[in-house]
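Shown next: query10.csv, given as CSV, C-alpha atoms and all ligand atoms.
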chain,number,residue,atom,x,y,z
A,1,MET,CA,-46.4,194.5,72.4
A,2,VAL,CA,-45.1,194.4,75.9
A,3,ALA,CA,-47.4,192.5,78.2
A,4,SER,CA,-45.3,192.6,81.5
A,5,ILE,CA,-42.0,193.6,82.9
A,6,THR,CA,-40.4,192.2,86.0
A,7,GLU,CA,-37.2,194.0,87.1
A,8,PHE,CA,-34.8,192.1,89.3
A,9,SER,CA,-32.5,195.2,89.3
A,10,ARG,CA,-31.9,198.1,87.0
A,11,ARG,CA,-29.8,195.8,84.8
A,12,LEU,CA,-31.8,192.6,84.7
A,13,MET,CA,-35.4,192.0,83.8
A,14,ILE,CA,-38.0,189.5,82.5
A,15,ILE,CA,-40.1,190.9,79.7
A,16,ARG,CA,-43.2,189.2,78.3
A,17,VAL,CA,-44.3,189.9,74.7
A,18,VAL,CA,-47.7,189.2,73.1
A,19,THR,CA,-48.8,189.6,69.6
A,20,LYS,CA,-51.9,191.6,68.6
A,21,ASP,CA,-52.9,190.6,65.1
A,22,TRP,CA,-51.1,187.3,64.6
A,23,GLY,CA,-50.5,184.1,66.7
A,24,LEU,CA,-47.3,183.6,68.7
A,25,PRO,CA,-44.7,181.6,66.8
A,26,GLU,CA,-44.3,177.9,67.6
A,27,PHE,CA,-40.9,177.0,68.9
A,28,ILE,CA,-38.8,174.2,70.5
A,29,PRO,CA,-37.5,175.0,74.0
A,30,GLY,CA,-33.9,176.4,73.7
A,31,GLN,CA,-34.6,178.3,70.5
A,32,PHE,CA,-34.3,182.1,70.2
A,33,ALA,CA,-36.5,184.8,68.7
A,34,VAL,CA,-35.4,188.3,67.5
A,35,LEU,CA,-36.6,191.4,69.2
A,36,GLY,CA,-36.4,194.9,67.7
A,37,LEU,CA,-37.0,198.5,68.3
A,38,PRO,CA,-36.4,201.5,66.0
A,39,GLY,CA,-33.5,203.9,66.7
A,40,SER,CA,-36.1,206.5,67.6
A,41,ALA,CA,-37.2,204.5,70.7
A,42,PRO,CA,-36.0,206.2,73.9
A,43,ARG,CA,-33.1,204.8,75.9
A,44,CYS,CA,-33.4,204.3,79.7
A,45,ASP,CA,-31.8,207.1,81.7
A,46,TRP,CA,-29.3,204.9,83.5
A,47,ALA,CA,-27.7,203.7,80.2
A,48,GLU,CA,-24.8,205.5,78.5
A,49,ARG,CA,-25.8,208.2,75.9
A,50,GLU,CA,-25.2,207.5,72.2
A,51,ASP,CA,-25.0,209.7,69.1
A,52,PRO,CA,-28.4,210.0,67.4
A,53,PRO,CA,-28.9,207.1,65.0
A,54,ALA,CA,-28.4,207.9,61.3
A,55,ASP,CA,-31.7,206.4,60.4
A,56,PRO,CA,-34.1,206.7,63.4
A,57,GLU,CA,-36.7,204.5,61.9
A,58,LYS,CA,-34.3,201.6,61.1
A,59,LEU,CA,-35.0,198.6,63.4
A,60,ILE,CA,-32.2,197.5,65.8
A,61,ARG,CA,-32.7,193.8,66.1
A,62,LYS,CA,-31.0,191.2,68.4
A,63,ALA,CA,-31.5,187.6,69.2
A,64,TYR,CA,-33.0,186.5,72.6
A,65,SER,CA,-33.5,183.0,73.9
A,66,ILE,CA,-37.1,182.3,74.8
A,67,ALA,CA,-37.4,181.6,78.5
A,68,SER,CA,-41.1,180.6,78.6
A,69,SER,CA,-42.5,177.1,78.0
A,70,SER,CA,-43.6,176.3,74.5
A,71,ARG,CA,-46.8,175.1,76.0
A,72,THR,CA,-47.7,178.6,77.1
A,73,HIS,CA,-49.4,180.1,74.1
A,74,GLU,CA,-50.2,183.3,76.0
A,75,TYR,CA,-46.9,185.2,75.7
A,76,LEU,CA,-43.2,184.7,75.0
A,77,GLU,CA,-40.9,185.5,77.9
A,78,PHE,CA,-37.3,186.8,77.7
A,79,TYR,CA,-34.7,187.3,80.3
A,80,VAL,CA,-32.6,190.3,79.4
A,81,SER,CA,-29.5,192.0,80.9
A,82,LEU,CA,-28.6,195.6,80.2
A,83,VAL,CA,-25.5,196.4,78.2
A,84,THR,CA,-25.2,200.1,79.2
A,85,ASP,CA,-23.4,201.1,75.9
A,86,GLY,CA,-25.5,198.7,73.8
A,87,ALA,CA,-27.7,199.6,70.9
A,88,LEU,CA,-30.9,197.7,71.8
A,89,THR,CA,-30.9,196.8,75.5
A,90,PRO,CA,-31.0,200.4,76.8
A,91,ARG,CA,-34.1,200.8,74.7
A,92,LEU,CA,-35.6,197.5,76.0
A,93,PHE,CA,-35.1,198.8,79.5
A,94,ALA,CA,-37.1,202.0,78.8
A,95,LEU,CA,-40.1,200.0,77.7
A,96,LYS,CA,-43.4,200.1,79.5
A,97,ILE,CA,-46.4,197.7,79.5
A,98,GLY,CA,-48.4,198.1,76.3
A,99,ASP,CA,-45.5,199.6,74.3
A,100,PRO,CA,-45.0,198.2,70.8
A,101,ILE,CA,-42.0,195.9,70.2
A,102,TRP,CA,-41.0,194.1,67.0
A,103,LEU,CA,-40.9,190.3,67.3
A,104,SER,CA,-39.6,188.0,64.6
A,105,PRO,CA,-42.4,185.8,63.2
A,106,LYS,CA,-39.9,182.9,63.0
A,107,VAL,CA,-38.0,181.3,65.9
A,108,THR,CA,-34.8,179.3,65.2
A,109,GLY,CA,-31.8,177.6,66.8
A,110,MET,CA,-30.2,174.2,67.3
A,111,PHE,CA,-29.7,174.5,71.1
A,112,THR,CA,-32.4,172.1,72.1
A,113,LEU,CA,-32.9,168.8,73.8
A,114,ASN,CA,-33.9,167.2,70.5
A,115,ASP,CA,-30.6,165.5,69.9
A,116,VAL,CA,-30.2,164.1,73.4
A,117,PRO,CA,-30.7,160.4,73.3
A,118,GLU,CA,-33.2,158.9,75.7
A,119,GLY,CA,-31.5,157.6,78.9
A,120,MET,CA,-29.0,160.4,78.9
A,121,ASN,CA,-29.0,162.9,81.8
A,122,VAL,CA,-28.7,166.6,81.2
A,123,ALA,CA,-26.4,169.2,82.8
A,124,LEU,CA,-27.4,172.8,82.0
A,125,VAL,CA,-24.6,175.3,82.7
A,126,ALA,CA,-25.1,179.1,82.4
A,127,THR,CA,-23.7,182.4,83.2
A,128,GLY,CA,-26.2,185.4,83.7
A,129,THR,CA,-29.0,185.4,81.2
A,130,GLY,CA,-27.7,182.2,79.6
A,131,LEU,CA,-30.2,180.6,82.0
A,132,ALA,CA,-33.1,181.7,79.7
A,133,PRO,CA,-33.2,178.7,77.3
A,134,TYR,CA,-33.0,176.3,80.3
A,135,MET,CA,-36.1,177.7,81.9
A,136,SER,CA,-38.0,176.9,78.7
A,137,MET,CA,-36.5,173.4,78.5
A,138,LEU,CA,-37.2,172.6,82.2
A,139,SER,CA,-40.8,173.9,82.2
A,140,THR,CA,-41.6,172.1,79.0
A,141,GLU,CA,-39.6,169.0,78.8
A,142,MET,CA,-38.5,167.9,82.3
A,143,ARG,CA,-40.6,165.1,83.7
A,144,CYS,CA,-40.7,165.8,87.4
A,145,GLY,CA,-39.6,162.7,89.2
A,146,GLY,CA,-38.7,161.0,85.9
A,147,LEU,CA,-35.7,158.9,85.3
A,148,ARG,CA,-33.7,161.6,83.4
A,149,ARG,CA,-31.7,163.6,85.8
A,150,PHE,CA,-31.3,167.4,85.2
A,151,ALA,CA,-28.8,169.7,86.8
A,152,VAL,CA,-28.7,173.5,86.6
A,153,LEU,CA,-25.4,175.2,87.4
A,154,HIS,CA,-25.8,179.0,87.3
A,155,GLY,CA,-23.1,181.6,87.8
A,156,ALA,CA,-23.6,185.4,88.3
A,157,TYR,CA,-21.8,188.3,90.0
A,158,HIS,CA,-24.3,188.8,92.8
A,159,SER,CA,-27.2,187.0,94.5
A,160,TRP,CA,-29.6,189.7,93.0
A,161,ASP,CA,-28.4,188.6,89.5
A,162,LEU,CA,-29.7,185.1,90.0
A,163,GLY,CA,-33.0,185.4,88.2
A,164,TYR,CA,-35.5,182.6,88.4
A,165,ARG,CA,-33.8,181.5,91.7
A,166,SER,CA,-37.1,180.9,93.6
A,167,GLU,CA,-38.7,179.0,90.7
A,168,LEU,CA,-35.6,176.8,90.5
A,169,LEU,CA,-35.5,176.2,94.2
A,170,ASN,CA,-39.2,175.3,94.2
A,171,LEU,CA,-38.8,173.0,91.3
A,172,GLN,CA,-35.8,171.3,93.0
A,173,HIS,CA,-37.9,170.9,96.1
A,174,LEU,CA,-40.7,169.3,94.1
A,175,CYS,CA,-38.7,167.2,91.6
A,176,HIS,CA,-36.1,164.9,93.0
A,177,ASN,CA,-34.5,164.5,89.6
A,178,LEU,CA,-33.5,168.2,89.5
A,179,THR,CA,-30.4,169.6,91.1
A,180,TYR,CA,-29.9,173.4,91.1
A,181,VAL,CA,-26.7,175.0,92.3
A,182,ALA,CA,-25.9,178.7,92.0
A,183,THR,CA,-22.6,180.5,92.6
A,184,ILE,CA,-21.7,184.2,92.8
A,185,ASP,CA,-18.2,185.6,92.3
A,186,ARG,CA,-18.5,188.9,94.2
A,187,PRO,CA,-19.5,187.9,97.7
A,188,GLU,CA,-17.9,191.0,99.2
A,189,ASP,CA,-20.7,193.2,97.7
A,190,GLU,CA,-23.5,191.3,99.4
A,191,PRO,CA,-25.2,193.3,102.2
A,192,VAL,CA,-26.7,190.0,103.5
A,193,PRO,CA,-23.9,187.5,103.7
A,194,TRP,CA,-24.1,184.8,100.9
A,195,THR,CA,-23.8,181.3,102.3
A,196,GLY,CA,-23.8,179.4,99.0
A,197,PRO,CA,-20.9,178.5,96.7
A,198,VAL,CA,-18.5,181.3,95.6
A,199,GLY,CA,-16.5,181.4,92.4
A,200,TRP,CA,-17.1,180.7,88.8
A,201,VAL,CA,-19.7,178.3,87.5
A,202,GLN,CA,-17.0,176.1,85.9
A,203,HIS,CA,-15.5,175.5,89.4
A,204,LEU,CA,-18.8,173.9,90.5
A,205,TRP,CA,-18.3,171.4,87.7
A,206,GLN,CA,-14.7,170.8,88.8
A,207,LYS,CA,-15.7,170.4,92.4
A,208,GLY,CA,-18.1,167.6,91.4
A,209,VAL,CA,-21.3,169.1,92.7
A,210,ILE,CA,-23.4,167.2,90.2
A,211,ALA,CA,-21.8,163.8,91.0
A,212,GLU,CA,-22.5,164.5,94.7
A,213,ALA,CA,-26.1,165.3,94.0
A,214,TRP,CA,-26.8,162.5,91.5
A,215,GLY,CA,-24.7,159.9,93.2
A,216,VAL,CA,-23.2,159.1,89.8
A,217,LYS,CA,-20.3,161.0,88.0
A,218,PRO,CA,-21.5,162.8,84.9
A,219,GLY,CA,-19.5,161.5,81.9
A,220,PRO,CA,-20.0,161.3,78.2
A,221,GLU,CA,-21.5,157.8,78.6
A,222,ASN,CA,-24.4,159.1,80.7
A,223,THR,CA,-24.8,162.9,80.3
A,224,HIS,CA,-25.2,165.7,77.7
A,225,VAL,CA,-23.9,169.1,78.8
A,226,PHE,CA,-25.4,172.4,77.7
A,227,LEU,CA,-23.3,175.6,77.9
A,228,CYS,CA,-24.9,179.0,77.5
A,229,GLY,CA,-23.6,182.5,78.2
A,230,ILE,CA,-20.3,184.3,78.0
A,231,ASN,CA,-17.5,183.0,75.9
A,232,ALA,CA,-14.9,182.7,78.7
A,233,MET,CA,-17.1,180.2,80.6
A,234,ILE,CA,-17.9,178.3,77.4
A,235,ASP,CA,-14.3,178.0,76.3
A,236,GLU,CA,-13.1,176.9,79.7
A,237,MET,CA,-15.9,174.4,80.1
A,238,VAL,CA,-15.3,172.9,76.6
A,239,ALA,CA,-11.6,172.4,77.5
A,240,LEU,CA,-12.5,170.9,80.9
A,241,LEU,CA,-15.1,168.6,79.4
A,242,GLY,CA,-12.7,167.6,76.5
A,243,GLN,CA,-10.3,166.3,79.1
A,244,GLU,CA,-13.1,164.1,80.5
A,245,GLY,CA,-13.9,162.7,77.1
A,246,PHE,CA,-16.9,164.8,76.1
A,247,ARG,CA,-17.1,166.1,72.5
A,248,GLU,CA,-18.9,169.1,71.0
A,249,HIS,CA,-22.1,168.1,69.3
A,250,SER,CA,-23.0,168.8,65.7
A,251,ARG,CA,-25.5,167.1,63.4
A,252,LYS,CA,-22.6,165.6,61.4
A,253,GLN,CA,-20.6,164.6,64.4
A,254,PRO,CA,-22.8,163.8,67.4
A,255,GLY,CA,-21.3,164.6,70.7
A,256,GLN,CA,-22.4,165.5,74.2
A,257,ILE,CA,-21.6,169.2,74.5
A,258,HIS,CA,-24.1,171.7,73.2
A,259,VAL,CA,-23.1,175.4,73.0
A,260,GLU,CA,-25.0,178.7,72.7
A,261,ARG,CA,-22.8,181.8,72.7
A,262,TYR,CA,-24.4,185.2,73.5
B,1,LIG,C1,-28.6,183.1,70.1
B,1,LIG,C2,-28.5,184.2,71.0
B,1,LIG,C3,-29.4,184.3,72.1
B,1,LIG,C4,-29.3,185.4,73.0
B,1,LIG,N1,-30.1,185.4,74.1
B,1,LIG,C5,-30.0,186.4,75.0
B,1,LIG,C6,-30.9,186.4,76.2
B,1,LIG,O1,-31.7,185.5,76.4
B,1,LIG,N2,-30.7,187.5,77.0
B,1,LIG,C7,-29.8,188.5,76.8
B,1,LIG,O2,-29.7,189.4,77.7
B,1,LIG,N3,-29.0,188.5,75.7
B,1,LIG,C8,-29.1,187.5,74.8
B,1,LIG,N4,-28.3,187.5,73.7
B,1,LIG,C9,-27.4,188.7,73.5
B,1,LIG,C10,-28.3,189.7,72.7
B,1,LIG,O3,-28.5,189.2,71.4
B,1,LIG,C11,-27.5,191.1,72.5
B,1,LIG,O4,-26.3,190.8,72.0
B,1,LIG,C12,-27.3,191.8,73.9
B,1,LIG,O5,-28.6,192.0,74.5
B,1,LIG,C13,-26.7,193.1,73.7
B,1,LIG,O6,-27.4,193.9,72.8
B,1,LIG,P1,-27.2,195.5,72.6
B,1,LIG,O7,-27.7,195.9,71.3
B,1,LIG,O8,-27.7,196.2,73.8
B,1,LIG,O9,-25.6,195.7,72.7
B,1,LIG,P2,-24.6,195.8,71.5
B,1,LIG,O10,-24.8,197.1,70.8
B,1,LIG,O11,-24.7,194.6,70.6
B,1,LIG,O12,-23.2,195.7,72.3
B,1,LIG,C14,-22.5,196.9,72.8
B,1,LIG,C15,-21.2,196.4,73.4
B,1,LIG,O13,-21.4,195.5,74.5
B,1,LIG,C16,-20.8,194.3,74.2
B,1,LIG,N5,-21.8,193.2,74.6
B,1,LIG,C17,-22.7,192.7,73.8
B,1,LIG,N6,-23.5,191.8,74.5
B,1,LIG,C18,-23.0,191.8,75.7
B,1,LIG,C19,-23.4,191.1,76.9
B,1,LIG,N7,-24.4,190.2,76.9
B,1,LIG,N8,-22.7,191.4,78.0
B,1,LIG,C20,-21.7,192.3,78.1
B,1,LIG,N9,-21.3,192.9,77.0
B,1,LIG,C21,-21.9,192.7,75.8
B,1,LIG,C22,-20.5,194.2,72.8
B,1,LIG,O14,-19.3,193.5,72.5
B,1,LIG,C23,-20.3,195.7,72.5
B,1,LIG,O15,-19.0,196.1,72.8
B,1,LIG,C24,-28.3,186.4,72.8
B,1,LIG,C25,-27.5,186.3,71.7
B,1,LIG,C26,-27.6,185.3,70.8
B,1,LIG,C27,-26.6,185.2,69.7

Please rewrite the model in this file as structure tokens.
Ligand SMILES: Cc1cc2nc3c(=O)[nH]c(=O)nc-3n(C[C@H](O)[C@H](O)[C@H](O)COP(=O)(O)OP(=O)(O)OC[C@H]3O[C@@H](n4cnc5c(N)ncnc54)[C@H](O)[C@@H]3O)c2cc1C
Amino acid sequence: MVASITEFSRRLMIIRVVTKDWGLPEFIPGQFAVLGLPGSAPRCDWAEREDPPADPEKLIRKAYSIASSSRTHEYLEFYVSLVTDGALTPRLFALKIGDPIWLSPKVTGMFTLNDVPEGMNVALVATGTGLAPYMSMLSTEMRCGGLRRFAVLHGAYHSWDLGYRSELLNLQHLCHNLTYVATIDRPEDEPVPWTGPVGWVQHLWQKGVIAEAWGVKPGPENTHVFLCGINAMIDEMVALLGQEGFREHSRKQPGQIHVERY
């Protein structure tokens, strides 16, 4: 059932889910669970209307990366954006605290820090809600002040789409081995002028913001890069990284680029 909802805007929220009669599934940070609601569940008013579902009791199920720490056994947290003509998200945005929601008993996914060798730094690049798996990784696996450097590059349309910004700014303040840089690409919409970087998140990489913060250039010999979010960013980053000698990672062919496409 839904334990809490934090809305950043009408299109972006953090939702926490608890289980009633069974324990929360175990998971590795970076993995995803499946959430589901029946077609009969109401849609939020600000989403587009849809034709009535053929079978209203059939569950609509979609994958969502877990944003909470795997050490938190109290709830699972998800960071969700509304797709106004979508099947599931308009129903998720109509939920209230205490409402029932289907949660997969199993959590899966290969997008984890498990295959990153010790001694390698980690660059986490996301657009929008692609930040979710990184929040779980950082809150579970980053040793604050440790030798492994972490960088989070986050891109969104507006400043109000930068969820988890205060947590990340606080973490950066406390942990000298974490760098956090956010960029927005529609500064003209900001009522309060945005003073941070403007443009796409891949431009942050090209500008060398990580090298500047770390004092060492991230390369395949010292860094693994994680990419999560929309395809356009992932494709462009994979091409950019390829030119710098990075290779996509798979269990058969180890590399330094890890990809999760939404
Ligand atoms: C491994 C994995 C993890 C994921 N984790 C998250 C997460 O943490 N948070 C999250 O918000 N989403 C996440 N997603 C995406 C999520 O599974 C759904 O696809 C998304 O929420 C849209 O669902 P929907 O039923 O509302 O829309 P659909 O009915 O699936 O889509 C309706 C239309 O919108 C388009 N569309 C689908 N998704 C998006 C999108 N994200 N942005 C813009 N247009 C879209 C579709 O192409 C289609 O045309 C993840 C996906 C995968 C595969």

Per-residue nearest contacts chain A to ligand LIG 1 (chain B), cut-off 7 Å, using all atoms listed in the file, as CSV:
residue,atom,partner,partner_atom,distance
A:Phe32,CA,B:LIG1,C3,5.7
A:Lys62,CA,B:LIG1,O3,4.4
A:Ala63,CA,B:LIG1,O3,4.0
A:Tyr64,CA,B:LIG1,N1,3.4
A:Ser65,CA,B:LIG1,O1,4.0
A:Ile66,CA,B:LIG1,O1,6.5
A:Phe78,CA,B:LIG1,O1,5.9
A:Tyr79,CA,B:LIG1,N2,5.2
A:Val80,CA,B:LIG1,O2,3.5
A:Ser81,CA,B:LIG1,O2,4.1
A:Leu82,CA,B:LIG1,O8,6.5
A:Val83,CA,B:LIG1,O8,4.9
A:Asp85,CA,B:LIG1,C14,5.3
A:Gly86,CA,B:LIG1,O9,3.2
A:Ala87,CA,B:LIG1,O7,3.7
A:Leu88,CA,B:LIG1,O7,3.7
A:Thr89,CA,B:LIG1,O8,3.7
A:Pro90,CA,B:LIG1,O8,6.1
A:Thr129,CA,B:LIG1,N2,5.0
A:Gly130,CA,B:LIG1,O1,6.1
A:Ala132,CA,B:LIG1,O1,5.2
A:Glu260,CA,B:LIG1,C1,6.3
A:Arg261,CA,B:LIG1,C27,5.9
A:Tyr262,CA,B:LIG1,C25,3.7

Q: Rank A:Gln202, A:Thr127, A:Ser139, A:Asn177 by their smallest atom-to-atom distance to Leu162 of chain A, using only C-alpha atoms, and report the top residue only.
A: A:Thr127

**Q.** Two-atom distance - atom CA of Val152 of chain A, atom CA of His249 of chain A (Å)
**A.**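 Here the two named atoms are 19.3 Å from each other.
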
Q | Minimum-distance residue to Ala211 of chain A, chosen among A:Arg91, A:Arg61, A:Arg149, A:Arg143 (using all atoms listed in the file) | A |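 The shortest atom-to-atom distance to Ala211 of chain A comes from A:Arg149.
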
Could you build a table of the residues in segment 132-157 of chain A lying no more than 12 Å from segment 104-112 of chain A, giving for each the nearest pair of atoms and their separation in Å rounded to one decimal place, using all atoms listed in the file, ordered by chain and ascending residue number, as a tab-separated table?
residue	atom	partner	partner_atom	distance
A:Ala132	CA	A:Phe111	CA	11.7
A:Pro133	CA	A:Phe111	CA	8.3
A:Tyr134	CA	A:Thr112	CA	9.2
A:Met135	CA	A:Thr112	CA	11.9
A:Ser136	CA	A:Thr112	CA	9.9
A:Met137	CA	A:Thr112	CA	7.7
A:Leu138	CA	A:Thr112	CA	11.2
A:Thr140	CA	A:Thr112	CA	11.5
A:Glu141	CA	A:Thr112	CA	10.3

Q | Selection: 12 Å around segment 6-19 of chain A, all atoms listed in the file, excl. self and same-chain fewer than 6 positions, as a ChimeraX atom specification | A | /A:25,33-36,44-47,64-68,72-84,89-90,92-105,128-129,131-132,135,156,158-165

**Q.** Selection: 7 Å around Pro38 of chain A, all atoms listed in the file, excl. self and same-chain fewer than 2 positions, as a PyMOL selection string
**A.** chain A and resi 36+40-41+56-60

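Between atom CA of Ile28 of chain A and atom CA of Ala126 of chain A the interatomic distance comes to 18.8 Å.
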
Q: Mind checking which residues fall within 10 Å of Phe246 of chain A, counting all atoms listed in the file, ignoring those fewer than 2 positions away in the same chain, and posting them as a list in words?
A: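 Residues near the query, excluding close chain neighbours: Gly219, Pro220, Glu221, Thr223, His224, Val225, Val238, Ala239, Leu240, Leu241, Gly242, Gln243, Glu244, Glu248, His249, Gly255, Gln256 and Ile257 of chain A.
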
Keeping only C-alpha atoms, write those residues as a PDB file, in the frame of the given file.
ATOM      1  CA  GLY A 219     -19.500 161.500  81.900  1.00  0.00           C
ATOM      2  CA  PRO A 220     -20.000 161.300  78.200  1.00  0.00           C
ATOM      3  CA  GLU A 221     -21.500 157.800  78.600  1.00  0.00           C
ATOM      4  CA  THR A 223     -24.800 162.900  80.300  1.00  0.00           C
ATOM      5  CA  HIS A 224     -25.200 165.700  77.700  1.00  0.00           C
ATOM      6  CA  VAL A 225     -23.900 169.100  78.800  1.00  0.00           C
ATOM      7  CA  VAL A 238     -15.300 172.900  76.600  1.00  0.00           C
ATOM      8  CA  ALA A 239     -11.600 172.400  77.500  1.00  0.00           C
ATOM      9  CA  LEU A 240     -12.500 170.900  80.900  1.00  0.00           C
ATOM     10  CA  LEU A 241     -15.100 168.600  79.400  1.00  0.00           C
ATOM     11  CA  GLY A 242     -12.700 167.600  76.500  1.00  0.00           C
ATOM     12  CA  GLN A 243     -10.300 166.300  79.100  1.00  0.00           C
ATOM     13  CA  GLU A 244     -13.100 164.100  80.500  1.00  0.00           C
ATOM     14  CA  GLU A 248     -18.900 169.100  71.000  1.00  0.00           C
ATOM     15  CA  HIS A 249     -22.100 168.100  69.300  1.00  0.00           C
ATOM     16  CA  GLY A 255     -21.300 164.600  70.700  1.00  0.00           C
ATOM     17  CA  GLN A 256     -22.400 165.500  74.200  1.00  0.00           C
ATOM     18  CA  ILE A 257     -21.600 169.200  74.500  1.00  0.00           C
TER      19      ILE A 257
END

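Counting from atom CA of Pro29 of chain A, the distance to atom CA of Thr179 of chain A is 19.3 Å.
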
Q.
Taking (-27.5, 168.3, 93.6) in the coordinates of the supplied file, I want to know which residues reach to within 7 Å of it, counting all atoms listed in the file; could you give the answer as a ChimeraX atom specification?
A. /A:179-181,209-210,212-214

**Q.** From A:Arg49, A:Lys217, A:Arg148, A:Arg43, residue lying nearest Cys175 of chain A [all atoms listed in the file]
**A.** A:Arg148
